[in-house]
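query.cif, holding mmCIF, C-alpha atoms:
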```
data_coords
#
loop_
_atom_site.label_atom_id
_atom_site.label_comp_id
_atom_site.auth_asym_id
_atom_site.auth_seq_id
_atom_site.Cartn_x
_atom_site.Cartn_y
_atom_site.Cartn_z
CA MET A 29 -3.20 -7.58 -16.95
CA PHE A 30 -6.95 -7.33 -17.63
CA ASP A 31 -6.45 -8.71 -21.14
CA PHE A 32 -4.39 -11.65 -19.93
CA ILE A 33 -6.63 -12.95 -17.15
CA GLY A 34 -9.88 -11.60 -18.60
CA SER A 35 -9.75 -13.31 -21.99
CA ARG A 36 -9.03 -16.69 -20.39
CA MET A 37 -11.71 -16.40 -17.72
CA GLN A 38 -14.30 -15.27 -20.27
CA LYS A 39 -13.57 -18.25 -22.55
CA ALA A 40 -14.00 -20.63 -19.63
CA ILE A 41 -17.33 -19.12 -18.56
CA ALA A 42 -18.58 -18.95 -22.16
CA LYS A 43 -18.68 -22.75 -22.11
CA ALA A 44 -21.34 -22.62 -19.37
CA ASN A 45 -23.46 -20.22 -21.46
CA LYS A 46 -23.52 -22.70 -24.34
CA LYS A 47 -24.97 -25.47 -22.18
CA THR A 48 -28.68 -25.97 -21.67
CA GLN A 49 -27.86 -28.12 -18.66
CA LEU A 50 -24.63 -28.66 -16.72
CA LYS A 51 -23.27 -32.15 -16.24
CA GLU A 52 -20.53 -33.08 -13.80
CA GLU A 53 -17.94 -33.22 -16.60
CA ASP A 54 -19.00 -29.69 -17.69
CA ILE A 55 -18.35 -28.34 -14.19
CA LEU A 56 -14.95 -30.03 -14.11
CA GLU A 57 -14.04 -28.59 -17.51
CA ILE A 58 -15.16 -25.04 -16.63
CA THR A 59 -13.43 -24.99 -13.23
CA ARG A 60 -10.28 -26.51 -14.75
CA ASP A 61 -10.14 -23.72 -17.34
CA ILE A 62 -10.71 -21.07 -14.66
CA ARG A 63 -7.98 -22.66 -12.52
CA LEU A 64 -5.52 -22.53 -15.44
CA ALA A 65 -6.45 -18.91 -16.19
CA LEU A 66 -5.73 -17.87 -12.60
CA LEU A 67 -2.50 -19.87 -12.35
CA GLU A 68 -1.26 -18.44 -15.67
CA ALA A 69 -2.02 -14.96 -14.29
CA ASP A 70 0.32 -15.82 -11.38
CA VAL A 71 -2.44 -15.89 -8.75
CA ASN A 72 -1.25 -17.70 -5.61
CA LEU A 73 -2.00 -21.46 -5.50
CA ILE A 74 -3.82 -21.26 -2.13
CA VAL A 75 -6.07 -18.50 -3.48
CA VAL A 76 -6.79 -20.53 -6.63
CA LYS A 77 -7.66 -23.70 -4.65
CA ASN A 78 -10.05 -21.86 -2.34
CA PHE A 79 -11.61 -20.00 -5.26
CA ILE A 80 -12.28 -23.15 -7.29
CA ASN A 81 -13.59 -25.13 -4.29
CA SER A 82 -16.01 -22.34 -3.40
CA ILE A 83 -17.32 -22.16 -6.99
CA LYS A 84 -17.84 -25.91 -7.13
CA GLU A 85 -19.66 -25.97 -3.78
CA GLN A 86 -22.01 -23.18 -4.84
CA ILE A 87 -22.80 -24.68 -8.25
CA ILE A 88 -23.59 -28.04 -6.68
CA GLY A 89 -25.26 -26.52 -3.61
CA GLN A 90 -27.62 -24.41 -5.69
CA GLU A 91 -28.34 -27.43 -7.89
CA LEU A 92 -27.43 -25.58 -11.06
CA MET A 93 -26.78 -28.88 -12.76
CA LYS A 94 -30.56 -29.51 -12.83
CA GLN A 95 -31.51 -26.04 -14.06
CA LEU A 96 -32.04 -25.00 -17.67
CA ASN A 97 -29.69 -22.28 -19.00
CA PRO A 98 -27.46 -22.16 -15.89
CA GLY A 99 -24.79 -19.97 -17.58
CA GLN A 100 -25.87 -16.66 -16.04
CA GLN A 101 -25.92 -18.15 -12.56
CA VAL A 102 -22.37 -19.48 -13.05
CA VAL A 103 -21.25 -15.97 -14.08
CA LYS A 104 -22.92 -14.57 -10.94
CA ILE A 105 -21.15 -17.09 -8.67
CA VAL A 106 -17.74 -16.50 -10.30
CA HIS A 107 -18.24 -12.73 -10.10
CA GLU A 108 -19.14 -12.83 -6.40
CA GLU A 109 -16.11 -15.01 -5.59
CA LEU A 110 -13.80 -12.71 -7.54
CA VAL A 111 -15.12 -9.71 -5.60
CA HIS A 112 -14.54 -11.60 -2.34
CA ILE A 113 -10.94 -12.48 -3.25
CA LEU A 114 -10.25 -8.87 -4.27
CA GLY A 115 -11.47 -7.50 -0.95
CA ASP A 116 -15.30 -7.26 -1.09
CA LYS A 117 -15.49 -3.45 -0.95
CA PRO A 118 -13.23 -0.44 -1.57
CA LYS A 119 -11.26 1.08 1.28
CA GLU A 120 -11.77 4.83 1.12
CA ILE A 121 -9.30 6.88 3.17
CA ASN A 122 -10.93 9.94 4.72
CA ILE A 123 -8.68 12.86 5.64
CA ASN A 124 -10.40 13.48 8.97
CA LYS A 125 -7.39 14.52 11.05
CA LYS A 126 -4.84 17.21 10.25
CA PRO A 127 -2.03 16.73 9.64
CA PHE A 128 -3.06 13.35 8.22
CA THR A 129 0.09 11.27 7.75
CA ILE A 130 0.70 8.46 5.29
CA MET A 131 3.84 6.31 5.36
CA MET A 132 4.81 4.72 2.04
CA THR A 133 6.78 1.46 2.17
CA GLY A 134 8.01 -1.25 -0.17
CA LEU A 135 11.01 -2.60 -2.01
CA GLN A 136 13.17 -0.52 -4.32
CA GLY A 137 11.99 -0.27 -7.93
CA GLY A 138 8.26 -0.71 -7.27
CA GLY A 139 7.34 2.88 -8.14
CA LYS A 140 7.09 4.10 -4.55
CA THR A 141 8.39 7.65 -5.05
CA THR A 142 6.25 8.23 -8.14
CA THR A 143 3.21 6.92 -6.24
CA VAL A 144 3.88 9.44 -3.45
CA ALA A 145 3.29 12.25 -5.96
CA LYS A 146 0.26 10.49 -7.48
CA LEU A 147 -1.27 10.11 -4.02
CA ALA A 148 -0.68 13.78 -3.22
CA ALA A 149 -2.35 14.82 -6.50
CA TYR A 150 -5.30 12.48 -5.85
CA TYR A 151 -6.03 13.79 -2.35
CA ARG A 152 -5.49 17.42 -3.26
CA LYS A 153 -8.12 17.10 -5.97
CA LYS A 154 -10.55 14.99 -3.93
CA TYR A 155 -10.46 17.03 -0.72
CA LYS A 156 -9.36 20.41 -2.18
CA LEU A 157 -6.29 20.34 0.09
CA GLU A 158 -4.02 23.37 -0.10
CA LYS A 159 -1.16 22.37 2.23
CA ILE A 160 0.51 19.05 1.41
CA LEU A 161 4.03 18.10 2.45
CA LEU A 162 6.10 15.34 0.80
CA VAL A 163 8.94 14.07 3.00
CA ALA A 164 12.09 12.67 1.38
CA ALA A 165 13.18 9.99 3.87
CA ASP A 166 15.06 7.77 1.40
CA VAL A 167 18.68 8.82 1.92
CA TYR A 168 20.22 5.71 0.34
CA ARG A 169 19.01 5.41 -3.24
CA PRO A 170 20.92 7.72 -5.60
CA ALA A 171 18.71 10.58 -6.83
CA ALA A 172 15.69 9.50 -4.71
CA ILE A 173 15.53 12.92 -3.04
CA ASP A 174 15.99 14.77 -6.35
CA GLN A 175 13.21 12.67 -7.89
CA LEU A 176 10.79 13.55 -5.08
CA ILE A 177 11.67 17.26 -5.30
CA THR A 178 11.09 17.22 -9.07
CA LEU A 179 7.70 15.50 -8.65
CA ALA A 180 6.66 17.87 -5.85
CA LYS A 181 7.41 20.88 -8.05
CA GLN A 182 5.58 19.25 -10.95
CA ILE A 183 2.34 18.97 -8.96
CA ASP A 184 2.98 22.20 -7.04
CA VAL A 185 3.14 20.87 -3.48
CA ASP A 186 5.73 21.44 -0.74
CA TYR A 187 8.55 19.04 0.08
CA PHE A 188 10.86 18.55 3.05
CA THR A 189 14.46 17.37 3.07
CA ILE A 190 17.64 18.19 4.99
CA LYS A 191 20.63 18.60 2.69
CA ASN A 192 23.43 16.05 3.26
CA GLU A 193 21.62 14.58 6.29
CA GLN A 194 21.79 10.79 6.63
CA ASN A 195 19.90 10.50 9.93
CA VAL A 196 16.42 9.43 8.80
CA ASP A 197 14.99 9.70 12.36
CA LEU A 198 15.97 13.37 12.49
CA ILE A 199 14.52 14.08 9.02
CA VAL A 200 11.07 12.64 9.80
CA LYS A 201 10.96 14.20 13.28
CA GLU A 202 11.68 17.68 11.91
CA ALA A 203 9.23 17.13 9.05
CA ILE A 204 6.41 16.24 11.46
CA ASP A 205 7.26 19.21 13.69
CA LYS A 206 7.10 21.48 10.63
CA ALA A 207 3.75 19.94 9.59
CA HIS A 208 2.22 20.70 13.01
CA GLN A 209 3.67 24.19 13.28
CA GLU A 210 2.68 25.26 9.77
CA LYS A 211 -0.69 23.49 9.85
CA TYR A 212 -0.22 21.12 6.93
CA GLU A 213 -3.27 19.05 6.03
CA LEU A 214 -1.55 16.00 4.55
CA VAL A 215 1.97 14.59 5.01
CA ILE A 216 3.25 11.71 2.84
CA ILE A 217 6.55 10.11 3.81
CA ASP A 218 8.66 8.39 1.15
CA THR A 219 10.70 5.78 3.03
CA ALA A 220 13.71 3.87 1.74
CA GLY A 221 13.42 0.57 -0.07
CA ARG A 222 15.92 -2.16 -0.74
CA LEU A 223 16.34 -4.70 -3.53
CA SER A 224 15.48 -7.30 -0.89
CA ILE A 225 14.40 -7.30 2.75
CA ASP A 226 17.10 -6.75 5.36
CA GLU A 227 17.15 -6.19 9.12
CA ASN A 228 18.37 -2.59 8.88
CA LEU A 229 15.45 -1.62 6.63
CA MET A 230 12.87 -3.15 8.98
CA ASP A 231 14.44 -1.49 12.04
CA GLU A 232 14.41 1.87 10.29
CA LEU A 233 10.75 1.51 9.31
CA LYS A 234 9.82 0.62 12.90
CA ARG A 235 11.60 3.74 14.17
CA ILE A 236 9.89 5.96 11.57
CA LYS A 237 6.52 4.51 12.54
CA ASN A 238 7.16 5.22 16.24
CA ILE A 239 8.22 8.81 15.54
CA VAL A 240 5.49 9.67 13.01
CA LYS A 241 2.58 7.55 14.31
CA PRO A 242 1.08 7.53 10.79
CA ASN A 243 -2.64 7.32 10.15
CA GLU A 244 -2.02 4.94 7.25
CA ILE A 245 0.88 2.71 6.20
CA PHE A 246 0.76 1.70 2.54
CA PHE A 247 2.75 -1.14 0.99
CA ILE A 248 3.63 -0.64 -2.69
CA ALA A 249 3.29 -3.87 -4.66
CA ASP A 250 4.66 -3.96 -8.20
CA ALA A 251 2.32 -5.87 -10.55
CA LEU A 252 5.43 -7.20 -12.31
CA SER A 253 6.51 -9.00 -9.12
CA GLY A 254 6.33 -12.78 -8.84
CA GLN A 255 5.10 -14.93 -5.96
CA ASP A 256 7.83 -13.64 -3.62
CA ILE A 257 5.93 -10.33 -3.30
CA ILE A 258 3.53 -12.15 -0.92
CA ASN A 259 6.38 -13.09 1.45
CA VAL A 260 7.74 -9.54 1.21
CA ALA A 261 4.33 -8.06 2.03
CA LYS A 262 3.96 -10.48 4.97
CA THR A 263 7.31 -9.40 6.43
CA PHE A 264 6.37 -5.71 6.13
CA ASN A 265 2.95 -6.41 7.64
CA ASP A 266 4.36 -8.44 10.56
CA THR A 267 6.90 -5.68 11.29
CA ILE A 268 4.89 -2.45 10.94
CA SER A 269 1.22 -3.52 10.49
CA VAL A 270 0.45 -2.35 6.97
CA THR A 271 -3.04 -0.79 6.59
CA GLY A 272 -3.38 -1.04 2.82
CA SER A 273 -1.59 -1.74 -0.45
CA ILE A 274 -1.18 0.12 -3.72
CA ILE A 275 -0.57 -2.00 -6.82
CA THR A 276 1.55 -0.22 -9.42
CA LYS A 277 2.07 -0.86 -13.15
CA LEU A 278 -1.29 -2.56 -13.74
CA ASP A 279 -1.31 -0.90 -17.17
CA SER A 280 1.73 -2.95 -18.21
CA ASN A 281 1.83 -6.49 -19.62
CA ALA A 282 2.23 -7.76 -16.06
CA ARG A 283 0.07 -10.70 -15.09
CA GLY A 284 -0.53 -9.07 -11.71
CA GLY A 285 -1.98 -12.13 -10.00
CA ALA A 286 0.66 -12.33 -7.25
CA ALA A 287 0.10 -8.72 -6.19
CA LEU A 288 -3.67 -9.20 -6.24
CA SER A 289 -3.28 -12.28 -4.00
CA ILE A 290 -1.95 -10.13 -1.13
CA CYS A 291 -5.44 -8.93 -0.25
CA TYR A 292 -6.93 -12.41 0.21
CA LEU A 293 -3.94 -14.07 1.89
CA LEU A 294 -2.83 -11.27 4.24
CA LYS A 295 -6.12 -9.37 4.63
CA ILE A 296 -4.39 -6.19 3.49
CA PRO A 297 -6.95 -4.22 1.43
CA ILE A 298 -5.96 -2.87 -1.97
CA VAL A 299 -6.57 0.88 -1.72
CA PHE A 300 -5.32 2.19 -5.07
CA ILE A 301 -4.05 0.90 -8.41
CA GLY A 302 -1.55 2.63 -10.68
CA THR A 303 -2.78 2.63 -14.27
CA GLY A 304 -0.16 4.68 -16.11
CA GLU A 305 2.90 6.87 -15.87
CA LYS A 306 1.13 10.23 -15.53
CA VAL A 307 0.60 11.75 -12.08
CA SER A 308 -3.16 11.50 -12.62
CA ASN A 309 -2.99 7.73 -13.27
CA LEU A 310 -3.93 6.55 -9.80
CA ASP A 311 -7.40 5.10 -9.24
CA LEU A 312 -9.30 4.07 -6.14
CA PHE A 313 -9.63 0.29 -6.21
CA TYR A 314 -13.14 -1.14 -6.49
CA PRO A 315 -13.21 -4.97 -6.16
CA ASP A 316 -16.58 -5.24 -7.91
CA ARG A 317 -15.47 -3.08 -10.85
CA MET A 318 -12.25 -5.08 -11.20
CA ALA A 319 -14.33 -8.29 -11.28
CA ASP A 320 -16.60 -6.71 -13.91
CA ARG A 321 -13.63 -5.94 -16.15
CA ILE A 322 -12.07 -9.38 -15.73
CA LEU A 323 -15.35 -11.02 -16.76
CA GLY A 324 -15.85 -8.70 -19.74
CA MET A 325 -18.72 -6.74 -18.17
CA GLY A 326 -16.87 -3.44 -18.53
CA ASP A 327 -16.47 -0.65 -16.00
CA VAL A 328 -18.62 2.20 -17.24
CA LEU A 329 -18.80 3.87 -13.80
CA SER A 330 -15.02 4.32 -13.67
CA LEU A 331 -15.06 5.69 -17.22
CA ILE A 332 -17.73 8.25 -16.27
CA GLU A 333 -15.77 9.27 -13.16
CA LYS A 334 -12.61 9.65 -15.25
CA ALA A 335 -14.49 11.78 -17.78
CA GLU A 336 -15.82 14.02 -15.00
CA GLU A 337 -12.27 14.50 -13.73
CA VAL A 338 -10.57 15.42 -16.99
CA ILE A 339 -13.26 16.96 -19.20
CA ASP A 340 -14.17 20.63 -18.73
CA GLU A 341 -17.96 20.69 -18.27
CA LYS A 342 -18.36 24.36 -19.30
CA LYS A 343 -16.35 23.79 -22.47
CA SER A 344 -18.36 20.67 -23.27
CA LYS A 345 -21.70 22.47 -22.91
CA LYS A 346 -20.47 25.39 -25.00
CA MET A 347 -19.28 22.98 -27.68
CA LEU A 348 -22.60 21.09 -27.70
CA ASN A 349 -24.44 24.41 -28.08
CA LYS A 350 -22.31 25.23 -31.12
CA MET A 351 -22.93 21.76 -32.57
CA PHE A 352 -26.70 22.09 -32.27
CA GLN A 353 -26.54 25.57 -33.76
CA GLY A 354 -24.55 24.29 -36.73
CA LYS A 355 -21.56 26.53 -35.85
CA PHE A 356 -19.04 23.79 -35.00
CA ASP A 357 -15.65 24.55 -36.63
CA LEU A 358 -12.20 22.94 -36.83
CA ASP A 359 -10.97 24.88 -33.80
CA ASP A 360 -13.80 23.30 -31.79
CA LEU A 361 -12.86 19.90 -33.21
CA LEU A 362 -9.22 20.38 -32.11
CA ASP A 363 -10.36 21.32 -28.62
CA ASN A 364 -12.65 18.28 -28.59
CA LEU A 365 -9.80 15.97 -29.67
CA LYS A 366 -7.61 17.31 -26.86
CA GLN A 367 -10.33 16.64 -24.29
CA VAL A 368 -10.87 13.09 -25.53
CA LYS A 369 -7.10 12.56 -25.41
CA LYS A 370 -7.14 13.23 -21.65
CA LEU A 371 -9.22 10.07 -21.19
CA GLY A 372 -6.51 8.00 -22.87
CA SER A 373 -6.39 6.13 -26.15
CA ILE A 374 -9.52 4.71 -27.78
CA ARG A 375 -8.03 1.28 -27.07
CA LYS A 376 -7.78 2.17 -23.37
CA ILE A 377 -11.32 3.58 -23.27
CA LEU A 378 -12.67 0.36 -24.81
CA LYS A 379 -11.31 -1.60 -21.84
CA PHE A 380 -14.05 0.03 -19.75
CA LEU A 381 -16.89 -1.04 -22.05
CA PRO A 382 -18.83 -4.32 -21.80
CA GLY A 383 -17.68 -6.99 -24.27
CA ASN A 384 -20.68 -6.69 -26.57
CA LEU A 385 -20.13 -2.94 -27.06
CA LYS A 386 -16.46 -3.17 -28.05
CA ILE A 387 -15.06 -2.90 -31.55
CA ASP A 388 -12.02 -4.96 -32.43
CA GLU A 389 -8.56 -3.75 -31.42
CA ASP A 390 -7.38 -3.11 -34.98
CA LYS A 391 -10.23 -0.65 -35.55
CA ALA A 392 -9.50 0.98 -32.17
CA GLU A 393 -5.86 1.40 -33.19
CA GLN A 394 -6.93 2.90 -36.52
CA ALA A 395 -9.20 5.34 -34.67
CA ASP A 396 -6.30 6.40 -32.42
CA GLU A 397 -4.10 6.98 -35.48
CA LYS A 398 -6.83 9.06 -37.13
CA LEU A 399 -7.22 11.24 -34.01
CA LYS A 400 -3.45 11.89 -33.96
CA LEU A 401 -3.45 12.64 -37.69
CA TYR A 402 -6.32 15.15 -37.38
CA GLU A 403 -4.71 16.87 -34.41
CA ILE A 404 -1.43 17.30 -36.32
CA LEU A 405 -3.17 18.67 -39.43
CA ILE A 406 -5.47 21.07 -37.57
CA SER A 407 -2.57 22.30 -35.41
CA SER A 408 -0.76 23.27 -38.63
CA MET A 409 -3.63 25.58 -39.63
CA THR A 410 -4.02 29.24 -38.66
CA LEU A 411 -6.88 30.21 -36.33
CA GLU A 412 -8.55 31.95 -39.28
CA GLU A 413 -8.48 28.70 -41.30
CA ARG A 414 -9.89 26.67 -38.42
CA LYS A 415 -12.75 29.14 -37.97
CA ASP A 416 -13.50 29.31 -41.71
CA PRO A 417 -12.85 25.86 -43.32
CA LYS A 418 -13.78 27.29 -46.76
CA LEU A 419 -10.28 28.80 -46.86
CA LEU A 420 -8.83 25.28 -46.92
CA LYS A 421 -9.81 24.96 -50.60
CA ASN A 422 -7.12 27.53 -51.43
CA ALA A 423 -4.19 25.72 -53.10
CA SER A 424 -1.39 27.74 -51.45
CA ARG A 425 -2.93 27.30 -47.98
CA LYS A 426 -3.39 23.59 -48.63
CA ASN A 427 0.26 23.18 -49.67
CA ARG A 428 1.49 25.15 -46.64
CA ILE A 429 -0.53 22.99 -44.19
CA ILE A 430 0.57 19.72 -45.82
CA LYS A 431 4.20 20.81 -45.78
CA GLY A 432 4.00 22.13 -42.19
CA SER A 433 2.29 19.02 -40.81
CA GLY A 434 4.41 16.51 -42.69
CA ARG A 435 1.27 14.67 -43.80
CA SER A 436 0.11 13.64 -47.28
CA LEU A 437 -2.40 15.24 -49.66
CA LYS A 438 -4.62 12.15 -49.25
CA GLU A 439 -4.70 12.56 -45.46
CA TYR A 440 -5.42 16.29 -45.79
CA ASN A 441 -8.34 15.65 -48.16
CA GLN A 442 -9.67 12.93 -45.84
CA LEU A 443 -9.84 15.40 -42.93
CA VAL A 444 -11.48 18.14 -45.01
CA ASN A 445 -14.06 15.77 -46.56
CA GLU A 446 -14.98 14.10 -43.25
CA PHE A 447 -15.31 17.47 -41.54
CA GLU A 448 -17.58 18.75 -44.31
CA MET A 449 -19.80 15.67 -43.86
CA MET A 450 -19.86 16.29 -40.10
CA GLN A 451 -20.84 19.94 -40.62
CA LYS A 452 -23.64 18.87 -43.01
CA ARG A 453 -25.08 16.46 -40.44
CA LEU A 454 -24.83 19.03 -37.66
CA LYS A 455 -26.72 21.56 -39.77
CA GLU A 456 -29.45 18.96 -40.35
CA PHE A 457 -29.64 18.52 -36.56
CA SER A 458 -29.79 22.29 -36.16
CA ASN A 459 -32.67 22.60 -38.63
CA LYS A 460 -34.60 19.81 -36.90
CA THR A 461 -34.12 21.61 -33.59
CA LYS A 462 -35.43 24.88 -35.01
CA ASN A 463 -38.44 23.08 -36.53
CA GLY A 464 -39.27 21.47 -33.18
CA LYS A 465 -38.48 17.95 -34.37
CA PHE A 466 -35.61 17.55 -31.92
CA ASP A 467 -35.28 18.76 -28.33
CA PRO A 468 -31.64 19.48 -27.31
CA SER A 469 -32.70 20.16 -23.69
CA MET A 470 -32.66 16.38 -23.17
CA PHE A 471 -28.86 16.70 -23.44
CA GLY A 472 -28.72 19.65 -21.02
CA ILE A 473 -28.38 22.12 -23.93
CA GLU A 474 -30.14 25.47 -23.66
#
```

For this file, write the structure as structure tokens.
Amino acid sequence: MFDFIGSRMQKAIAKANKKTQLKEEDILEITRDIRLALLEADVNLIVVKNFINSIKEQIIGQELMKQLNPGQQVVKIVHEELVHILGDKPKEININKKPFTIMMTGLQGGGKTTTVAKLAAYYRKKYKLEKILLVAADVYRPAAIDQLITLAKQIDVDYFTIKNEQNVDLIVKEAIDKAHQEKYELVIIDTAGRLSIDENLMDELKRIKNIVKPNEIFFIADALSGQDIINVAKTFNDTISVTGSIITKLDSNARGGAALSICYLLKIPIVFIGTGEKVSNLDLFYPDRMADRILGMGDVLSLIEKAEEVIDEKKSKKMLNKMFQGKFDLDDLLDNLKQVKKLGSIRKILKFLPGNLKIDEDKAEQADEKLKLYEILISSMTLEERKDPKLLKNASRKNRIIKGSGRSLKEYNQLVNEFEMMQKRLKEFSNKTKNGKFDPSMFGIE
């Protein structure tokens, strides 16, 4: 989604950067290109019209046409308008009442049940919650209850269901009673969806809302959905007063513009975005960071936050100590590769970097392949061999590792040679540190 809309928007704005002064025809050309970029990304026509009109008014109102080098100011105006359309500021949900209840709604197939588990994992980590209850209130979709139970076990939280019970009102009532009696901190209710809106679904959701009195009601919007998702969201909002939306599948090739239009048209804030299939792939939505990424400015803050979540700080410090002491071995490298892997592919990491810091996608793909190759080869070694790379010169050991990993002699030699070069450089660093020419304390190393 970011690639699709971002590349087109950036090309349009680049035209402003090339101009020393803006003429009326330049403004028309730039805004026309931006309009096409948004329409191709499936952004709603009303949103596009308002967006373009606002940009034009500001460019003319601030008399940018008379200024020299107006490109940066155009970027600023476009960025501010994008942030406004996306909701101005993030909506953070504070768990300030217990049990805090969240009702999940949406059409069938949007990723609602999976998002229930992602949400539970997010809040457990953020607020250190110990008692979370997932309620299976979708009694119609085949395997919906089994899916929720499987996900609950996967993330190690409790679930509630009544076997063979079709009365949804009874299920949610007993679930809420259980939550109060057993002092649960967070309750997330997975309601039924349909392939399209119908009266029975809306009536059921109204009844659940009246029984549960949820603190938040989230609408799940699939990024793959077309313009009809706006009408669907409006019906849900008119019926049960939605408090926020979660956009799923933003990591796919979806254009995503229709789902993003919900915020501006219906004033329903986007609370979270789903960025992958793993339970951890749910991110708080920041309008300004989304605008940064669309305009090629990167999103380094989100990357840092992600790193803090997945990378073990103690392990990292220990590893850095070994690097500066010149004692870094292949076992440390394997551990390092596994930690980097938690952040995602190199290609995915590059999405967070500003445009001028990125390498091309082919090189990123090659880097990903090399990381996989090294992990396979090192995993085929014994612990003794990882700790003492000199043993890797032994012909029988070399043949065993190549055979066990299914890789070639050339790939094996590439790993060994590159690691030897790395060790040589680290020893040079270590010597400089000992001679007082380099101070590792600047990196937090003791």

*Given the file shown, enumerate the residues that the PyMOL selection byres ((chain A and resi 204) around 10) captures and present them as a list in words.*
Pro127, Thr129, Leu161, Val163, Phe188, Ile199, Val200, Lys201, Glu202, Ala203, Asp205, Lys206, Ala207, His208, Gln209, Glu210, Tyr212, Val215, Ile217, Ile239, Val240 and Lys241 of chain A

*asked:* Please determine, counting all atoms listed in the file, which residue among A:Leu401, A:Leu294, A:Ala287, A:Leu443 has the shortest atom-to-atom distance to Ala69 of chain A.
replied: A:Ala287

Once the PyMOL selection byres ((chain A and resi 428-431) around 10) is applied to the coordinates I shared, what remains selected? I want it as a PDB file with C-alpha atoms, in the coordinates of the input.
```pdb
ATOM      1  CA  ILE A 404      -1.430  17.300 -36.320  1.00  0.00           C
ATOM      2  CA  LEU A 405      -3.170  18.670 -39.430  1.00  0.00           C
ATOM      3  CA  ILE A 406      -5.470  21.070 -37.570  1.00  0.00           C
ATOM      4  CA  SER A 407      -2.570  22.300 -35.410  1.00  0.00           C
ATOM      5  CA  SER A 408      -0.760  23.270 -38.630  1.00  0.00           C
ATOM      6  CA  MET A 409      -3.630  25.580 -39.630  1.00  0.00           C
ATOM      7  CA  THR A 410      -4.020  29.240 -38.660  1.00  0.00           C
ATOM      8  CA  LEU A 420      -8.830  25.280 -46.920  1.00  0.00           C
ATOM      9  CA  ALA A 423      -4.190  25.720 -53.100  1.00  0.00           C
ATOM     10  CA  SER A 424      -1.390  27.740 -51.450  1.00  0.00           C
ATOM     11  CA  ARG A 425      -2.930  27.300 -47.980  1.00  0.00           C
ATOM     12  CA  LYS A 426      -3.390  23.590 -48.630  1.00  0.00           C
ATOM     13  CA  ASN A 427       0.260  23.180 -49.670  1.00  0.00           C
ATOM     14  CA  GLY A 432       4.000  22.130 -42.190  1.00  0.00           C
ATOM     15  CA  SER A 433       2.290  19.020 -40.810  1.00  0.00           C
ATOM     16  CA  GLY A 434       4.410  16.510 -42.690  1.00  0.00           C
ATOM     17  CA  ARG A 435       1.270  14.670 -43.800  1.00  0.00           C
ATOM     18  CA  SER A 436       0.110  13.640 -47.280  1.00  0.00           C
ATOM     19  CA  LEU A 437      -2.400  15.240 -49.660  1.00  0.00           C
ATOM     20  CA  LYS A 438      -4.620  12.150 -49.250  1.00  0.00           C
ATOM     21  CA  GLU A 439      -4.700  12.560 -45.460  1.00  0.00           C
ATOM     22  CA  TYR A 440      -5.420  16.290 -45.790  1.00  0.00           C
TER      23      TYR A 440
END
```

_Rounded to one decimal, what separation in Å do you get between atom CA of Ala65 of chain A and atom CA of Leu50 of chain A?_
20.6 Å

*Would you kindly return, as number ranges by chain, each protein, DNA or RNA residue with an atom no farther than 12 Å from any atom of Leu64 of chain A, considering only C-alpha atoms and excluding same-chain residues fewer than 5 positions away?*
A: 32-33, 36-37, 39-40, 57-59, 69-73, 76-77, 80

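When only C-alpha atoms are used to measure the gap to Lys334 of chain A, the shortest distance among A:Leu371, A:Leu278, A:Val444, A:Ala149 belongs to A:Leu371.
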
*Residues at most 10 Å from Asp256 of chain A, counting all atoms listed in the file, excluding those fewer than 5 positions away in the same chain, as a list in words?*
Ala261, Lys262, Ala286 and Ala287 of chain A

*Interatomic distance between atom CA of Gly137 of chain A and atom CA of Gln194 of chain A?*
20.7 Å

*asked:* Selection in question (the file shown): the PyMOL selection byres ((chain A and resi 399) around 10). Which residues does it include, as an NGL selection string?
replied: :A and (362 or 365-366 or 368-369 or 373-374 or 393-398 or 400-404)
